[in-house]
Amino acid sequence: MQVAPKGSTLPEITHHEVELNGTRLHYVSAGNQGSPVLLVHGFPETWWTFREVIPLLAASHRVFAVDLRGFGDSDNEPGDYDSKTSAEDLHLLITHLDVGPVHLTGQDVSGATVFRLATTQPEDVLSFTAIEMGLPGFGLEMLADVTHGGAWHIGFLAAPGIPEMLLAGREREFLGKYAFPSMNANPGKITDGDVNEFVRTYSRPDGWRGTIGLYQSMLKEGPEIKALAETLGLMAPVLAVGAGGGPFTSGTMSRAAASEVRSVILEGVGHYVAMEAPDKLANAILGFIKSVDAIYLADRRTPPQEASTTLRNPKRA
């Protein structure tokens, strides 16, 4: 159902809530034509990270951006907050919206969530865009190894009880003075207003629950994610968007995907691509999904058995 926004918003979008899978998800939508795009945020973000990307995509596509369970204005009651549960949420959201298959776009720590969705529910996914993304089982865990240059906050956020004890009441300091500045190559692009919006949701009671769940699952689900890649496989065409992480995303997806992987690296952009370079990101996504849509439309005019092969393996087209 459509609801009034609880925080920052844009005139081009509408806010919605839906009860599914034992929780209540908040999402926004924009646009009324074209193939559907589902945007999935990372950390320390919410749907708001796509605030400048959404209008650019919505000019020619139906766009949905969700707050994962435990993030933003979605519920964060006691429960499971791992990537498997969040992937089930996204599948049920797509079913509820009746818009599948979608152009699925995931960022950062949502990687395992969107990868699970794309491998276990391939009928939901028309294309897969990975932004500054790694995957458990394909080297992401190494970023938690501080003895070899890894980031301390990964283990910190995954440590039972520690984030709630040390970050409650200090959300602004952590987000505004560490998380965003440390991985941002364009400081002026993430404004005080942006930080205020993120602080608003992370500072609610149990506001770190979604983050904690994804980071905890990240450190133990490597074998399962690798098994999904080897057995079911990511069959949708892939766009890997790198920036501050350089070729890390494309290297990960080239090993994890069974389909064609196209790669773009945005120079002069840090980790927070959607906020630092919305125009560049939107152009990359639009060009990619335009080519996928062209194949999809052509395949709809061919026998189903041939269409399936061509769509999931566009190199054969």
# chains A, B, ... in the order shown; residues from 1 in each chain; ligands from 1
$ residues_around --residues "His271 of chain A" --least-positions-apart "4" --cutoff "9 Å" --atoms "only C-alpha atoms" --output "ChimeraX atom specification"
/A:108,131-132,180,183-185,242-245,276
$ write_last_selection --atoms "all heavy atoms" --output "compact mmCIF listing (two decimals), in the first residue's frame"
# COMPACT_ATOMS: atom_id res chain seq x y z
N ASP A 108 27.40 -3.39 -3.04
CA ASP A 108 28.15 -3.62 -1.80
C ASP A 108 27.70 -4.90 -1.10
O ASP A 108 27.62 -5.95 -1.72
CB ASP A 108 27.98 -2.37 -0.93
CG ASP A 108 28.78 -2.39 0.36
OD1 ASP A 108 30.02 -2.48 0.29
OD2 ASP A 108 28.16 -2.33 1.44
N ILE A 131 27.38 -3.50 -8.32
CA ILE A 131 28.08 -2.23 -8.11
C ILE A 131 28.99 -2.36 -6.90
O ILE A 131 28.52 -2.61 -5.79
CB ILE A 131 27.08 -1.08 -7.89
CG1 ILE A 131 26.06 -1.01 -9.01
CG2 ILE A 131 27.82 0.25 -7.76
CD1 ILE A 131 24.89 -0.08 -8.72
N GLU A 132 30.31 -2.20 -7.11
CA GLU A 132 31.27 -2.25 -6.01
C GLU A 132 30.94 -3.43 -5.09
O GLU A 132 30.74 -3.28 -3.89
CB GLU A 132 31.23 -0.94 -5.21
CG GLU A 132 31.96 0.21 -5.85
CD GLU A 132 33.48 0.07 -5.73
OE1 GLU A 132 34.03 0.31 -4.64
OE2 GLU A 132 34.13 -0.28 -6.74
N PHE A 180 31.30 7.21 5.64
CA PHE A 180 31.23 7.89 4.35
C PHE A 180 32.55 8.56 3.96
O PHE A 180 33.01 8.39 2.83
CB PHE A 180 30.07 8.88 4.33
CG PHE A 180 28.73 8.21 4.27
CD1 PHE A 180 27.80 8.39 5.28
CD2 PHE A 180 28.39 7.39 3.21
CE1 PHE A 180 26.57 7.75 5.24
CE2 PHE A 180 27.17 6.75 3.15
CZ PHE A 180 26.25 6.93 4.16
N MET A 183 35.62 6.18 2.42
CA MET A 183 35.56 5.50 1.12
C MET A 183 34.91 6.36 0.04
O MET A 183 34.35 5.84 -0.93
CB MET A 183 34.82 4.16 1.27
CG MET A 183 35.54 3.15 2.13
SD MET A 183 34.65 1.56 2.30
CE MET A 183 33.44 2.03 3.56
N ASN A 184 35.00 7.65 0.19
CA ASN A 184 34.33 8.59 -0.70
C ASN A 184 35.37 9.46 -1.39
O ASN A 184 36.15 10.14 -0.74
CB ASN A 184 33.36 9.45 0.12
CG ASN A 184 32.67 10.52 -0.70
OD1 ASN A 184 32.75 10.52 -1.93
ND2 ASN A 184 31.99 11.43 -0.03
N ALA A 185 35.40 9.42 -2.73
CA ALA A 185 36.36 10.22 -3.49
C ALA A 185 35.80 11.58 -3.89
O ALA A 185 36.52 12.40 -4.45
CB ALA A 185 36.78 9.45 -4.74
N GLY A 242 32.73 -1.10 -11.29
CA GLY A 242 33.76 -0.85 -10.29
C GLY A 242 34.08 0.63 -10.20
O GLY A 242 33.86 1.39 -11.14
N ALA A 243 34.62 1.03 -9.07
CA ALA A 243 35.03 2.43 -8.88
C ALA A 243 36.20 2.43 -7.90
O ALA A 243 37.31 2.06 -8.24
CB ALA A 243 33.86 3.27 -8.39
N GLY A 244 35.91 2.77 -6.64
CA GLY A 244 36.97 2.79 -5.64
C GLY A 244 37.64 1.45 -5.46
O GLY A 244 38.83 1.37 -5.12
N GLY A 245 36.90 0.39 -5.67
CA GLY A 245 37.45 -0.95 -5.55
C GLY A 245 38.14 -1.45 -6.80
O GLY A 245 38.57 -2.60 -6.85
N GLU A 276 28.00 9.39 -5.55
CA GLU A 276 29.13 10.17 -6.05
C GLU A 276 29.03 10.46 -7.55
O GLU A 276 29.46 11.53 -8.01
CB GLU A 276 30.43 9.43 -5.78
CG GLU A 276 30.78 9.29 -4.31
CD GLU A 276 32.12 8.61 -4.13
OE1 GLU A 276 33.10 9.07 -4.74
OE2 GLU A 276 32.19 7.61 -3.38
$ residues_around --residues "Ala4 of chain A" --least-positions-apart "2" --cutoff "8 Å" --atoms "only C-alpha atoms" --output "PyMOL selection string"
chain A and resi 2+6+15
$ select_by_dssp --residues "segment 22-240 of chain A" --states "helix (DSSP H, G or I)" --output "JSON, numbers by chain"
{"A": [47, 48, 49, 50, 53, 54, 55, 56, 57, 58, 83, 84, 85, 86, 87, 88, 89, 90, 91, 92, 93, 94, 95, 96, 97, 108, 109, 110, 111, 112, 113, 114, 115, 116, 117, 118, 119, 120, 122, 123, 124, 140, 141, 142, 143, 144, 146, 147, 148, 152, 153, 154, 155, 156, 157, 158, 162, 163, 164, 165, 166, 167, 171, 172, 173, 174, 175, 176, 177, 178, 179, 180, 181, 182, 187, 188, 189, 192, 193, 194, 195, 196, 197, 198, 199, 200, 201, 202, 209, 210, 211, 212, 213, 214, 215, 216, 217, 218, 222, 223, 224, 225, 226, 227, 228, 229, 230, 231]}
$ select_by_dssp --residues "segment 96-235 of chain A" --states "strand (DSSP E or B)" --output "PDB file with N, CA, C and O atoms, in the first residue's frame"
ATOM      1  N   VAL A 102      12.970  -8.711 -13.551  1.00  0.00           N
ATOM      2  CA  VAL A 102      13.456  -7.350 -13.365  1.00  0.00           C
ATOM      3  C   VAL A 102      14.938  -7.262 -13.713  1.00  0.00           C
ATOM      4  O   VAL A 102      15.661  -8.255 -13.713  1.00  0.00           O
ATOM      5  N   HIS A 103      15.348  -6.059 -13.997  1.00  0.00           N
ATOM      6  CA  HIS A 103      16.779  -5.759 -14.076  1.00  0.00           C
ATOM      7  C   HIS A 103      17.241  -5.523 -12.636  1.00  0.00           C
ATOM      8  O   HIS A 103      16.950  -4.489 -12.026  1.00  0.00           O
ATOM      9  N   LEU A 104      17.924  -6.496 -12.088  1.00  0.00           N
ATOM     10  CA  LEU A 104      18.309  -6.484 -10.678  1.00  0.00           C
ATOM     11  C   LEU A 104      19.646  -5.775 -10.504  1.00  0.00           C
ATOM     12  O   LEU A 104      20.636  -6.128 -11.156  1.00  0.00           O
ATOM     13  N   THR A 105      19.665  -4.786  -9.619  1.00  0.00           N
ATOM     14  CA  THR A 105      20.875  -4.014  -9.365  1.00  0.00           C
ATOM     15  C   THR A 105      21.187  -4.042  -7.888  1.00  0.00           C
ATOM     16  O   THR A 105      20.377  -3.615  -7.067  1.00  0.00           O
ATOM     17  N   GLY A 106      22.365  -4.562  -7.532  1.00  0.00           N
ATOM     18  CA  GLY A 106      22.767  -4.656  -6.136  1.00  0.00           C
ATOM     19  C   GLY A 106      24.081  -3.950  -5.896  1.00  0.00           C
ATOM     20  O   GLY A 106      24.917  -3.827  -6.808  1.00  0.00           O
ATOM     21  N   GLN A 107      24.270  -3.516  -4.685  1.00  0.00           N
ATOM     22  CA  GLN A 107      25.450  -2.728  -4.337  1.00  0.00           C
ATOM     23  C   GLN A 107      26.065  -3.244  -3.043  1.00  0.00           C
ATOM     24  O   GLN A 107      25.358  -3.566  -2.092  1.00  0.00           O
ATOM     25  N   VAL A 125      14.786 -12.601 -12.704  1.00  0.00           N
ATOM     26  CA  VAL A 125      15.909 -11.716 -13.025  1.00  0.00           C
ATOM     27  C   VAL A 125      16.199 -11.709 -14.521  1.00  0.00           C
ATOM     28  O   VAL A 125      16.544 -12.741 -15.112  1.00  0.00           O
ATOM     29  N   LEU A 126      16.091 -10.534 -15.118  1.00  0.00           N
ATOM     30  CA  LEU A 126      16.368 -10.357 -16.538  1.00  0.00           C
ATOM     31  C   LEU A 126      17.832  -9.994 -16.769  1.00  0.00           C
ATOM     32  O   LEU A 126      18.455 -10.424 -17.737  1.00  0.00           O
ATOM     33  N   SER A 127      18.389  -9.194 -15.873  1.00  0.00           N
ATOM     34  CA  SER A 127      19.817  -8.869 -15.913  1.00  0.00           C
ATOM     35  C   SER A 127      20.286  -8.606 -14.492  1.00  0.00           C
ATOM     36  O   SER A 127      19.475  -8.415 -13.576  1.00  0.00           O
ATOM     37  N   PHE A 128      21.616  -8.594 -14.314  1.00  0.00           N
ATOM     38  CA  PHE A 128      22.207  -8.480 -12.986  1.00  0.00           C
ATOM     39  C   PHE A 128      23.315  -7.436 -13.051  1.00  0.00           C
ATOM     40  O   PHE A 128      24.315  -7.622 -13.746  1.00  0.00           O
ATOM     41  N   THR A 129      23.135  -6.326 -12.324  1.00  0.00           N
ATOM     42  CA  THR A 129      24.168  -5.302 -12.239  1.00  0.00           C
ATOM     43  C   THR A 129      24.769  -5.310 -10.839  1.00  0.00           C
ATOM     44  O   THR A 129      24.053  -5.170  -9.853  1.00  0.00           O
ATOM     45  N   ALA A 130      26.081  -5.504 -10.774  1.00  0.00           N
ATOM     46  CA  ALA A 130      26.819  -5.541  -9.510  1.00  0.00           C
ATOM     47  C   ALA A 130      27.637  -4.265  -9.383  1.00  0.00           C
ATOM     48  O   ALA A 130      28.480  -3.979 -10.234  1.00  0.00           O
ATOM     49  N   ILE A 131      27.384  -3.503  -8.324  1.00  0.00           N
ATOM     50  CA  ILE A 131      28.083  -2.234  -8.109  1.00  0.00           C
ATOM     51  C   ILE A 131      28.991  -2.356  -6.896  1.00  0.00           C
ATOM     52  O   ILE A 131      28.520  -2.612  -5.789  1.00  0.00           O
ATOM     53  N   LEU A 234      24.743 -18.338 -12.021  1.00  0.00           N
ATOM     54  CA  LEU A 234      24.149 -17.045 -12.361  1.00  0.00           C
ATOM     55  C   LEU A 234      24.095 -16.967 -13.877  1.00  0.00           C
ATOM     56  O   LEU A 234      25.112 -16.777 -14.543  1.00  0.00           O
TER      57      LEU A 234
END
$ closest_atom_pairs --of "segment 108-172 of chain A" --to "segment 49-73 of chain A" --cutoff "12 Å" --atoms "only C-alpha atoms" --output "CSV"
residue,atom,partner,partner_atom,distance
A:Asp108,CA,A:Thr49,CA,11.8
A:Val109,CA,A:Leu68,CA,11.2
A:Ser110,CA,A:Leu68,CA,8.8
A:Thr113,CA,A:Leu68,CA,9.6
A:Val114,CA,A:Leu68,CA,11.0
